[in-house]
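Raw contents of structure-v1.txt, compact mmCIF, C-alpha atoms:
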```
# COMPACT_ATOMS: atom_id res chain seq x y z
CA MET A 1 0.00 0.00 0.00
CA ASN A 2 1.22 3.55 -0.74
CA GLU A 3 1.24 4.98 2.76
CA ALA A 4 1.54 8.50 1.41
CA SER A 5 -1.65 8.29 -0.66
CA GLY A 6 -4.55 10.63 -0.02
CA LEU A 7 -7.00 7.81 0.75
CA SER A 8 -4.68 6.38 3.36
CA ILE A 9 -4.35 9.77 4.99
CA LEU A 10 -8.12 10.29 5.11
CA ARG A 11 -8.64 6.91 6.78
CA GLU A 12 -5.93 7.53 9.32
CA LEU A 13 -7.12 11.05 10.20
CA ARG A 14 -10.27 9.68 11.80
CA SER A 15 -8.42 7.49 14.28
CA ASP A 16 -5.02 9.09 14.81
CA ARG A 17 -4.96 12.17 17.06
CA ALA A 18 -1.38 13.05 16.13
CA LEU A 19 -2.13 12.86 12.40
CA ALA A 20 -5.20 15.08 12.73
CA ALA A 21 -3.16 17.62 14.71
CA MET A 22 -0.43 17.45 12.06
CA LEU A 23 -2.92 18.63 9.44
CA GLY A 24 -3.77 21.73 11.48
CA LEU A 25 -0.16 22.41 12.39
CA GLY A 26 0.86 22.05 8.75
CA PHE A 27 -1.82 24.64 7.89
CA SER A 28 -0.45 27.21 10.34
CA SER A 29 3.10 26.46 9.16
CA GLY A 30 2.06 27.28 5.58
CA ILE A 31 0.84 30.80 6.36
CA PRO A 32 3.83 33.01 7.36
CA PHE A 33 6.56 32.36 4.78
CA LEU A 34 4.81 33.77 1.70
CA LEU A 35 3.66 36.80 3.68
CA VAL A 36 7.22 37.69 4.67
CA TYR A 37 8.18 38.34 1.06
CA ALA A 38 6.66 36.38 -1.84
CA THR A 39 3.01 37.50 -1.59
CA GLN A 40 4.14 40.78 -0.08
CA SER A 41 6.25 41.47 -3.17
CA ALA A 42 3.00 42.19 -5.04
CA TRP A 43 2.21 44.86 -2.41
CA LEU A 44 5.74 46.23 -2.67
CA SER A 45 5.52 46.35 -6.47
CA GLU A 46 2.24 48.27 -6.28
CA ALA A 47 3.82 50.68 -3.79
CA GLY A 48 6.52 51.55 -6.32
CA VAL A 49 9.48 49.81 -4.68
CA SER A 50 12.30 49.46 -7.24
CA ILE A 51 13.26 46.07 -8.70
CA GLU A 52 16.72 46.28 -7.09
CA THR A 53 15.18 46.89 -3.67
CA LEU A 54 12.67 44.10 -4.27
CA GLY A 55 15.51 41.69 -4.83
CA LEU A 56 17.29 42.82 -1.67
CA MET A 57 14.10 42.48 0.35
CA ALA A 58 14.06 38.76 -0.38
CA GLU A 59 16.57 38.72 2.49
CA MET A 60 13.70 39.38 4.91
CA THR A 61 13.34 35.59 5.00
CA LEU A 62 16.83 35.23 6.48
CA ALA A 63 15.43 33.91 9.77
CA TYR A 64 14.44 30.73 7.92
CA LYS A 65 18.08 30.27 6.96
CA PHE A 66 19.53 30.91 10.43
CA LYS A 67 16.94 29.10 12.57
CA PHE A 68 19.49 26.38 13.34
CA LEU A 69 21.17 28.90 15.68
CA TRP A 70 18.28 28.94 18.17
CA ALA A 71 16.75 25.54 17.36
CA PRO A 72 18.97 23.69 19.91
CA PHE A 73 17.56 25.86 22.70
CA LEU A 74 14.02 24.89 21.66
CA ASP A 75 15.06 21.23 22.03
CA ARG A 76 16.59 21.82 25.47
CA TYR A 77 14.59 24.53 27.27
CA ASP A 78 10.93 25.11 28.08
CA ALA A 79 8.78 27.95 26.79
CA PRO A 80 7.71 30.36 29.54
CA ILE A 81 4.54 29.17 31.33
CA LEU A 82 3.03 27.29 28.40
CA SER A 83 5.51 24.41 28.42
CA ARG A 84 4.43 23.59 31.97
CA LEU A 85 0.87 23.19 30.72
CA LEU A 86 1.42 21.69 27.27
CA GLY A 87 4.88 20.12 27.23
CA ARG A 88 8.07 21.55 25.80
CA ARG A 89 7.40 21.27 22.08
CA ARG A 90 3.70 22.16 22.11
CA GLY A 91 4.41 25.10 24.43
CA TRP A 92 6.91 26.54 21.96
CA ILE A 93 4.48 25.90 19.07
CA VAL A 94 1.78 28.06 20.68
CA VAL A 95 4.27 30.80 21.63
CA SER A 96 5.53 30.95 18.04
CA GLN A 97 1.99 30.99 16.63
CA ILE A 98 1.08 33.96 18.82
CA GLY A 99 4.24 35.68 17.60
CA VAL A 100 3.26 35.08 13.96
CA ALA A 101 -0.23 36.53 14.49
CA LEU A 102 1.13 39.66 16.22
CA ALA A 103 3.76 40.24 13.51
CA LEU A 104 1.17 39.86 10.75
CA ALA A 105 -1.03 42.45 12.46
CA ALA A 106 1.95 44.83 12.74
CA VAL A 107 2.81 44.45 9.02
CA ALA A 108 -0.86 45.15 8.20
CA PHE A 109 -0.60 48.65 9.68
CA GLY A 110 2.47 49.52 7.63
CA ASP A 111 2.73 51.42 4.34
CA PRO A 112 5.71 50.27 2.23
CA GLY A 113 5.31 53.21 -0.12
CA GLN A 114 5.77 55.73 2.70
CA ARG A 115 7.33 53.82 5.61
CA LEU A 116 9.37 50.99 4.13
CA ALA A 117 11.43 50.63 7.33
CA TRP A 118 8.29 49.66 9.30
CA THR A 119 7.47 46.95 6.78
CA VAL A 120 11.04 45.62 6.82
CA LEU A 121 11.22 45.56 10.63
CA PHE A 122 8.00 43.66 11.23
CA SER A 123 8.54 41.40 8.23
CA LEU A 124 11.82 40.35 9.83
CA ALA A 125 9.91 39.71 13.09
CA LEU A 126 7.36 37.69 11.13
CA GLY A 127 10.17 35.66 9.59
CA PHE A 128 11.67 34.94 13.01
CA ALA A 129 8.33 33.81 14.47
CA GLY A 130 7.49 31.75 11.38
CA ALA A 131 10.90 30.07 11.33
CA THR A 132 10.57 29.24 15.02
CA GLN A 133 7.12 27.76 14.41
CA ASP A 134 8.47 25.56 11.60
CA THR A 135 11.32 24.37 13.81
CA VAL A 136 9.18 23.31 16.76
CA ILE A 137 6.49 21.74 14.56
CA ASP A 138 9.13 19.67 12.76
CA GLY A 139 10.59 18.64 16.11
CA TRP A 140 7.14 17.61 17.35
CA ARG A 141 6.42 15.68 14.12
CA ILE A 142 9.62 13.66 14.29
CA THR A 143 9.33 12.84 18.01
CA VAL A 144 5.60 12.18 18.32
CA ALA A 145 5.47 9.34 15.77
CA PRO A 146 7.65 6.26 15.26
CA ALA A 147 9.93 5.94 12.24
CA GLU A 148 7.48 3.84 10.25
CA ARG A 149 4.86 6.63 10.52
CA GLN A 150 7.09 9.46 9.38
CA SER A 151 6.19 9.16 5.70
CA LEU A 152 2.50 9.53 6.54
CA MET A 153 3.15 12.39 8.97
CA SER A 154 5.26 14.23 6.38
CA SER A 155 2.61 13.82 3.68
CA THR A 156 -0.11 15.06 6.02
CA ALA A 157 2.03 18.03 7.04
CA GLU A 158 2.62 18.84 3.36
CA ILE A 159 -1.12 18.78 2.58
CA GLY A 160 -1.86 21.04 5.55
CA TRP A 161 1.00 23.32 4.54
CA ARG A 162 -0.37 23.60 1.01
CA VAL A 163 -3.79 24.64 2.30
CA GLY A 164 -2.16 27.29 4.51
CA ASN A 165 0.02 28.31 1.59
CA LEU A 166 -3.12 28.65 -0.54
CA ALA A 167 -4.65 30.94 2.07
CA ALA A 168 -1.49 33.05 2.35
CA GLY A 169 -1.09 33.22 -1.42
CA ALA A 170 -4.42 33.20 -3.26
CA GLY A 171 -6.45 34.21 -0.22
CA ALA A 172 -4.28 37.21 0.59
CA LEU A 173 -4.11 38.33 -3.04
CA TYR A 174 -7.88 38.08 -3.52
CA LEU A 175 -8.50 39.94 -0.27
CA ALA A 176 -5.97 42.60 -1.27
CA ASP A 177 -7.78 43.17 -4.57
CA ALA A 178 -11.15 43.36 -2.84
CA PHE A 179 -10.43 45.10 0.48
CA GLY A 180 -6.81 46.24 0.47
CA TRP A 181 -3.60 44.87 1.89
CA ARG A 182 -4.32 45.82 5.51
CA ALA A 183 -7.45 43.71 5.59
CA ALA A 184 -5.60 40.85 3.86
CA TYR A 185 -2.84 40.72 6.48
CA LEU A 186 -5.26 41.03 9.41
CA ALA A 187 -7.26 38.13 7.99
CA MET A 188 -4.08 36.05 7.78
CA ALA A 189 -3.37 36.83 11.45
CA ALA A 190 -6.83 35.50 12.34
CA LEU A 191 -6.16 32.33 10.34
CA MET A 192 -3.48 31.32 12.81
CA ALA A 193 -6.27 30.28 15.20
CA PRO A 194 -6.80 26.76 13.73
CA GLY A 195 -3.11 26.03 14.25
CA VAL A 196 -3.32 27.07 17.89
CA ILE A 197 -6.31 24.76 18.36
CA ALA A 198 -4.39 21.91 16.72
CA ALA A 199 -1.43 22.49 19.06
CA LEU A 200 -3.69 22.42 22.11
CA ALA A 201 -5.34 19.19 20.93
CA ALA A 202 -2.10 17.47 19.85
CA PRO A 203 -0.69 14.59 21.92
CA GLU A 204 2.55 15.12 23.78
CA PRO A 205 5.68 13.41 22.43
CA ALA A 206 7.13 10.80 24.76
CA SER A 207 10.27 12.96 25.06
CA ASP A 208 8.15 15.69 26.67
CA LEU A 209 6.95 13.29 29.32
CA ALA A 210 10.46 12.18 30.33
CA PRO A 211 12.95 14.28 32.31
CA HIS A 212 15.25 16.32 30.05
CA ARG A 213 19.01 16.27 30.41
CA LYS A 214 20.32 19.78 30.86
CA PRO A 215 23.35 20.64 28.69
CA LYS A 216 26.55 21.65 30.40
CA SER A 217 26.85 24.97 28.58
CA VAL A 218 25.42 27.16 25.83
CA GLY A 219 28.22 25.94 23.56
CA GLU A 220 27.26 22.31 24.13
CA THR A 221 23.64 23.14 23.37
CA ILE A 222 24.63 24.40 19.91
CA VAL A 223 27.45 22.00 19.09
CA GLU A 224 26.09 18.68 20.36
CA PRO A 225 23.38 18.22 17.65
CA ILE A 226 25.91 19.00 14.91
CA ARG A 227 28.46 16.61 16.38
CA ASP A 228 25.84 13.87 16.60
CA LEU A 229 24.69 14.34 12.98
CA THR A 230 28.15 14.49 11.43
CA GLY A 231 29.29 11.56 13.57
CA ARG A 232 26.50 9.35 12.29
CA LEU A 233 27.02 10.41 8.68
CA GLY A 234 30.75 9.76 8.96
CA ARG A 235 32.83 10.36 5.84
CA MET A 236 29.70 11.20 3.85
CA ALA A 237 28.83 14.15 6.10
CA PHE A 238 30.32 16.84 3.85
CA PRO A 239 28.88 15.65 0.49
CA VAL A 240 25.44 14.94 2.01
CA LEU A 241 25.23 18.36 3.67
CA LEU A 242 26.58 20.02 0.51
CA LEU A 243 23.85 18.29 -1.49
CA ILE A 244 21.20 19.55 0.92
CA ALA A 245 22.67 23.07 0.73
CA GLY A 246 22.47 23.11 -3.06
CA PHE A 247 19.26 21.17 -3.60
CA ARG A 248 16.82 24.09 -3.50
CA MET A 249 19.26 26.85 -4.47
CA PRO A 250 17.90 27.23 -8.05
CA GLY A 251 14.34 27.35 -6.72
CA TYR A 252 15.03 30.03 -4.12
CA VAL A 253 16.67 32.29 -6.69
CA SER A 254 13.89 31.72 -9.21
CA ASN A 255 11.04 32.20 -6.74
CA ALA A 256 12.35 35.60 -5.64
CA MET A 257 11.60 37.03 -9.09
CA ALA A 258 8.53 34.99 -10.09
CA ILE A 259 5.86 37.45 -8.94
CA PRO A 260 7.85 40.49 -10.18
CA LEU A 261 7.84 38.74 -13.60
CA PHE A 262 4.07 38.26 -13.44
CA LYS A 263 3.59 41.92 -12.49
CA GLU A 264 5.96 42.95 -15.33
CA LEU A 265 3.65 41.06 -17.72
CA HIS A 266 0.72 42.98 -16.17
CA TYR A 267 -1.18 40.05 -14.71
CA SER A 268 -3.54 41.12 -11.94
CA ASN A 269 -3.34 39.94 -8.33
CA SER A 270 -6.41 37.80 -9.00
CA ASP A 271 -4.83 36.18 -12.08
CA ILE A 272 -1.67 35.47 -10.10
CA ALA A 273 -3.69 34.01 -7.23
CA THR A 274 -5.75 31.82 -9.57
CA VAL A 275 -2.74 30.36 -11.35
CA THR A 276 -0.14 30.09 -8.60
CA LYS A 277 -2.47 29.14 -5.75
CA LEU A 278 -5.80 27.74 -6.98
CA PHE A 279 -4.36 25.83 -9.95
CA GLY A 280 -1.11 25.52 -8.05
CA PHE A 281 -2.80 23.85 -5.08
CA TRP A 282 -4.05 20.90 -7.14
CA VAL A 283 -0.87 20.80 -9.20
CA GLY A 284 1.07 20.66 -5.92
CA ILE A 285 -1.09 17.82 -4.62
CA GLY A 286 -0.25 15.94 -7.82
CA GLY A 287 3.46 16.53 -7.30
CA THR A 288 3.14 15.39 -3.68
CA ALA A 289 1.38 12.18 -4.70
CA LEU A 290 3.94 11.41 -7.41
CA ALA A 291 6.77 11.92 -4.91
CA GLY A 292 5.19 9.37 -2.56
CA VAL A 293 4.77 6.81 -5.31
CA LEU A 294 8.22 7.20 -6.85
CA THR A 295 10.01 7.22 -3.50
CA LEU A 296 8.48 3.86 -2.65
CA ARG A 297 8.98 2.36 -6.11
CA LEU A 298 12.41 3.73 -7.07
CA GLY A 299 13.97 4.40 -3.67
CA LEU A 300 14.82 7.64 -1.91
CA MET A 301 18.13 8.47 -3.60
CA ALA A 302 16.89 7.82 -7.15
CA SER A 303 13.87 10.02 -6.43
CA LEU A 304 16.19 12.70 -5.05
CA LEU A 305 18.15 12.77 -8.31
CA ILE A 306 14.96 12.98 -10.39
CA ALA A 307 13.69 15.79 -8.16
CA THR A 308 16.91 17.78 -8.57
CA VAL A 309 16.83 17.58 -12.37
CA SER A 310 13.10 18.22 -12.79
CA ALA A 311 12.96 21.15 -10.35
CA SER A 312 15.81 22.98 -12.09
CA ALA A 313 14.64 22.19 -15.62
CA SER A 314 11.16 23.54 -14.82
CA HIS A 315 12.56 27.09 -14.67
CA LEU A 316 12.85 26.96 -18.44
CA ALA A 317 9.06 27.22 -18.48
CA LEU A 318 9.31 30.58 -16.72
CA ALA A 319 11.99 31.63 -19.19
CA TYR A 320 9.59 30.78 -22.02
CA LEU A 321 6.83 32.81 -20.35
CA ALA A 322 9.19 35.78 -19.97
CA ALA A 323 10.11 35.58 -23.67
CA HIS A 324 6.63 34.98 -25.08
CA GLY A 325 4.23 36.32 -22.45
CA ASP A 326 1.94 39.21 -23.40
CA HIS A 327 2.95 42.37 -21.55
CA GLY A 328 -0.69 43.39 -21.64
CA GLY A 329 -1.60 40.55 -19.26
CA GLY A 330 -3.11 38.32 -21.96
CA GLU A 331 -2.41 34.71 -22.96
CA PHE A 332 -3.81 33.42 -19.67
CA TRP A 333 -3.40 29.73 -20.58
CA LEU A 334 0.26 30.20 -21.47
CA PHE A 335 0.66 31.78 -18.05
CA ALA A 336 -1.22 28.94 -16.35
CA THR A 337 0.65 26.16 -18.17
CA THR A 338 4.17 27.45 -17.66
CA VAL A 339 3.62 28.27 -13.98
CA SER A 340 1.97 24.89 -13.37
CA ILE A 341 5.01 23.08 -14.78
CA ASP A 342 7.22 24.91 -12.31
CA SER A 343 4.79 24.35 -9.42
CA PHE A 344 4.48 20.61 -10.06
CA ALA A 345 8.25 20.13 -10.09
CA TYR A 346 8.67 22.26 -6.95
CA ALA A 347 6.05 20.21 -5.02
CA PHE A 348 7.61 16.93 -6.11
CA ALA A 349 11.11 18.04 -5.11
CA SER A 350 9.95 19.43 -1.76
CA VAL A 351 8.35 16.20 -0.58
CA VAL A 352 11.35 14.10 -1.61
CA LEU A 353 13.70 16.47 0.20
CA ILE A 354 11.56 16.48 3.37
CA THR A 355 11.58 12.68 3.42
CA TYR A 356 15.34 12.58 2.89
CA MET A 357 16.17 15.09 5.60
CA SER A 358 13.76 13.49 8.09
CA SER A 359 15.55 10.17 7.55
CA LEU A 360 18.84 11.69 8.71
CA VAL A 361 17.90 13.16 12.10
CA SER A 362 18.01 11.57 15.55
CA THR A 363 15.02 11.76 17.87
CA GLU A 364 16.92 13.49 20.68
CA HIS A 365 17.99 16.38 18.46
CA ALA A 366 15.02 16.36 16.08
CA ALA A 367 14.30 20.10 15.96
CA SER A 368 17.98 21.10 15.97
CA GLN A 369 19.19 18.77 13.22
CA TYR A 370 16.19 19.24 10.96
CA ALA A 371 16.47 23.02 11.38
CA LEU A 372 20.17 22.83 10.54
CA MET A 373 19.44 20.99 7.30
CA THR A 374 16.56 23.23 6.26
CA SER A 375 18.74 26.27 6.99
CA LEU A 376 21.52 24.77 4.86
CA CYS A 377 18.97 24.15 2.14
CA ALA A 378 17.78 27.76 2.15
CA PHE A 379 20.90 29.80 2.85
CA PRO A 380 22.85 29.68 -0.47
CA GLY A 381 19.74 30.37 -2.53
CA SER A 382 18.79 33.24 -0.26
CA LEU A 383 22.15 34.92 -0.75
CA LEU A 384 21.85 34.66 -4.53
CA ALA A 385 18.20 35.76 -4.44
CA GLY A 386 19.25 39.04 -2.87
CA ALA A 387 21.15 39.92 -6.04
CA SER A 388 18.44 38.66 -8.42
CA GLY A 389 17.07 42.12 -9.19
CA PHE A 390 20.50 43.33 -10.27
CA PHE A 391 20.91 40.31 -12.58
CA ILE A 392 17.56 41.00 -14.21
CA GLU A 393 18.48 44.65 -14.77
CA ARG A 394 21.43 43.42 -16.84
CA THR A 395 20.11 40.23 -18.48
CA GLY A 396 16.32 40.50 -18.51
CA PHE A 397 13.87 37.95 -17.10
CA THR A 398 14.32 35.35 -19.86
CA TRP A 399 18.05 34.76 -19.41
CA PHE A 400 17.72 35.07 -15.66
CA PHE A 401 15.44 32.00 -15.52
CA VAL A 402 17.65 30.12 -17.99
CA GLY A 403 20.52 30.80 -15.60
CA THR A 404 18.63 29.54 -12.54
CA SER A 405 17.94 26.33 -14.43
CA LEU A 406 21.64 25.83 -15.20
CA ILE A 407 22.52 26.26 -11.50
CA GLY A 408 20.94 22.82 -10.98
CA VAL A 409 23.44 20.98 -13.21
CA PRO A 410 26.28 20.63 -10.63
CA VAL A 411 23.71 19.86 -7.93
CA ALA A 412 22.34 16.98 -10.01
CA LEU A 413 25.85 15.63 -10.57
CA LEU A 414 26.46 15.70 -6.82
CA ALA A 415 23.14 13.94 -6.17
CA PHE A 416 24.17 11.18 -8.56
CA TRP A 417 27.55 10.81 -6.86
CA VAL A 418 26.00 10.66 -3.37
CA TRP A 419 23.48 8.09 -4.62
CA ARG A 420 26.26 5.84 -5.88
CA ARG A 421 28.37 6.31 -2.75
CA HIS A 422 25.90 6.46 0.07
CA ALA A 423 23.04 3.93 0.32
CA ILE A 424 20.46 4.96 2.91
CA SER A 425 17.19 3.36 3.98
CA ASP A 426 13.93 5.11 3.15
CA LEU A 427 13.06 5.47 6.81
CA ARG A 428 15.02 6.82 9.76
CA ALA A 429 16.29 4.00 11.94
CA PRO A 430 14.57 3.83 15.35
CA ASP A 431 17.69 4.89 17.22
CA GLY A 432 18.47 7.66 14.76
CA ALA A 433 21.49 5.83 13.33
CA ILE A 434 22.26 6.11 9.64
CA PRO A 435 22.04 2.62 8.14
```
Full structure transcribed into structure tokens:
Amino acid sequence: MNEASGLSILRELRSDRALAAMLGLGFSSGIPFLLVYATQSAWLSEAGVSIETLGLMAEMTLAYKFKFLWAPFLDRYDAPILSRLLGRRRGWIVVSQIGVALALAAVAFGDPGQRLAWTVLFSLALGFAGATQDTVIDGWRITVAPAERQSLMSSTAEIGWRVGNLAAGAGALYLADAFGWRAAYLAMAALMAPGVIAALAAPEPASDLAPHRKPKSVGETIVEPIRDLTGRLGRMAFPVLLLIAGFRMPGYVSNAMAIPLFKELHYSNSDIATVTKLFGFWVGIGGTALAGVLTLRLGLMASLLIATVSASASHLALAYLAAHGDHGGGEFWLFATTVSIDSFAYAFASVVLITYMSSLVSTEHAASQYALMTSLCAFPGSLLAGASGFFIERTGFTWFFVGTSLIGVPVALLAFWVWRRHAISDLRAPDGAIP
């Protein structure tokens, strides 16, 4: 049976409290990231922010790249007050969700055309709260379920995330067209409520019920998870971590300029929402399902190589749109087709990568090690994304997206080499050891 299939998930949701909570937590996890920059870039474009500044403002998501710095403390220390009532991980989840809601409300009362510094400040705060939420939810997911359930938990989290992503993308854009950006961001703050309810209803991981060993020092808190991960990976530590660092680099650079391209072609917020979020939601579900099937049939490393190649090659569709799109906002089906190709490949690659990284972590350092790998995955692309506007000023959108596609070539070669050198089971071993 394909454990990652939608039917399997629906059956399990009725009887598994942790799985049902994972759906709600995935939803709340899907809300903040787009609102830090991607969806907000439409607001910034309308406010007259220059393309160079738009590219630099992609760095507002930096908290997602550096979350490994504070993730070890979330593994080791309790959240104030709430952890006594809910357990360590669930306490931090609720604290982070409250932080996301407050930051969204603060961004709502900004005006990037007149007070850009306000928008930058509270977008950075939103990124910090959202990155913290992702970290503690991932830690909860990995520790609350045994290894054989991780594929199902990851798939459920991805579905919930996509619904939240739909709300933060299409929902926010539609609301912005109808009622303005302030109302859109306030509505997104209110949508954090289901995630809070899910956290309150979620079961406690066994690690929350047992006494926690206190680290000897702040340095040990940070270093111990890294030492444990690299020790278990052994001689393959560097190539595996390098592969993770490069895996999504083309996608991060490409995504930073996707909505500016759509606005350059004069597509409305509603058109962008329809294609990237409404069409994109179902396209993403298709990519998620294919990832589950291929991972089981072909193995994790073969699927990882396919994901690397397909995700990078899909940027050529955006290059085609940039070259042939109607600058009057026409040719809707060309827009829908090219963006759907990119969205399908992105969804497929994301699920494969989540499964791969989850297989590498140990239970004791779940939040820390997973945060380290997701930060590695995001950081190189984020640095390049900051310069994306300057590249477009010199090359144009078409050659920019051709270039992001070519970035994936050395990453694919590394994925092939790691596949041949490093056989790994599809599921994390119960003791966290790398088979």
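With all atoms listed in the file taken into account, the protein and nucleic acid residues at most 7 Å from segment 53-62 of chain A (excluding it and anything under 4 positions from it in its own chain) are Val36, Tyr37, Val49, Phe66, Ser123, Leu124, Gly127, Ala256, Ser382, Ala385, Gly386, Ala387, Ser388 and Gly389 of chain A.
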Checklist entry - Gly171 of chain A: which residues within 9 Å, counting only C-alpha atoms, same-chain residues fewer than 3 positions away excluded, as a ChimeraX atom specification? => result /A:165-168,174-176,184,188,273,277
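Among the candidate residues A:Ala366, A:Met373, A:Ile51, A:Leu116, the one lying nearest to Leu241 of chain A is A:Met373, with distances computed using all atoms listed in the file.
Neighbourhood of point (-2.9, 46.7, 9.7): residues with an atom at most 7 Å away, counting all atoms listed in the file, are Ala105, Ala106, Val107, Ala108, Phe109, Gly110, Arg182, Ala183, Tyr185 and Leu186 of chain A.
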So that I can check the surroundings of segment 335-348 of chain A, please list as a PDB file with C-alpha atoms, in the coordinates of the input every protein, DNA and RNA residue that reaches within 6 Å of it, counting only C-alpha atoms and ignoring chain neighbours fewer than 4 positions away.
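That gives us out37.pdb:
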```pdb
ATOM      1  CA  VAL A 275      -2.740  30.360 -11.350  1.00  0.00           C
ATOM      2  CA  VAL A 283      -0.870  20.800  -9.200  1.00  0.00           C
ATOM      3  CA  GLY A 284       1.070  20.660  -5.920  1.00  0.00           C
ATOM      4  CA  GLY A 287       3.460  16.530  -7.300  1.00  0.00           C
ATOM      5  CA  THR A 288       3.140  15.390  -3.680  1.00  0.00           C
ATOM      6  CA  ALA A 291       6.770  11.920  -4.910  1.00  0.00           C
ATOM      7  CA  SER A 310      13.100  18.220 -12.790  1.00  0.00           C
ATOM      8  CA  ALA A 311      12.960  21.150 -10.350  1.00  0.00           C
ATOM      9  CA  SER A 314      11.160  23.540 -14.820  1.00  0.00           C
ATOM     10  CA  ALA A 317       9.060  27.220 -18.480  1.00  0.00           C
TER      11      ALA A 317
END
```
Next on the checklist: Report, in Å with one decimal, the straight-line distance from atom CA of Gly180 of chain A to atom CA of Trp282 of chain A.
Outcome noted: 26.6 Å
Item to check | Near-Ser268 of chain A list (10 Å; only C-alpha atoms; drop same-chain fewer than 5 positions) as a PyMOL selection string | outcome: chain A and resi 42+173-174+177+262-263+273-274+329
Next on the checklist: Just want the 8 Å neighbourhood of Phe397 of chain A, counted on only C-alpha atoms, with same-chain residues fewer than 6 positions away dropped. Output as number ranges by chain.
Outcome noted: A: 261, 319, 322-323
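The smallest atom-to-atom distance between Thr132 of chain A and any of A:Ala371, A:Val196, A:Val351, A:Val240, using only C-alpha atoms, is found for A:Ala371.
Our summary of the geometry notes that atom CA of Gly280 of chain A is positioned 9.6 Å from atom CA of Ala170 of chain A.
Atom CA of Ala178 of chain A lies 25.8 Å from atom CA of Ala117 of chain A.
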Item to check | Residue nearest Ser358 of chain A - candidates A:Arg394, A:Thr374, A:Gln40, A:Gly164, atoms counted: all atoms listed in the file | outcome: A:Thr374
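Between Pro32 of chain A and the residues A:Leu126, A:Val293, A:Leu305, A:Ala412, the shortest atom-to-atom distance, using all atoms listed in the file, involves A:Leu126.
Considering all atoms listed in the file, the residue among A:Trp181, A:Phe391, A:Trp92, A:Tyr77 positioned nearest to Leu200 of chain A is A:Trp92.
Using all atoms listed in the file for every distance, the candidate list A:Ser350, A:Thr221, A:Ser254, A:Thr276 yields A:Thr221 as the residue closest to His365 of chain A.
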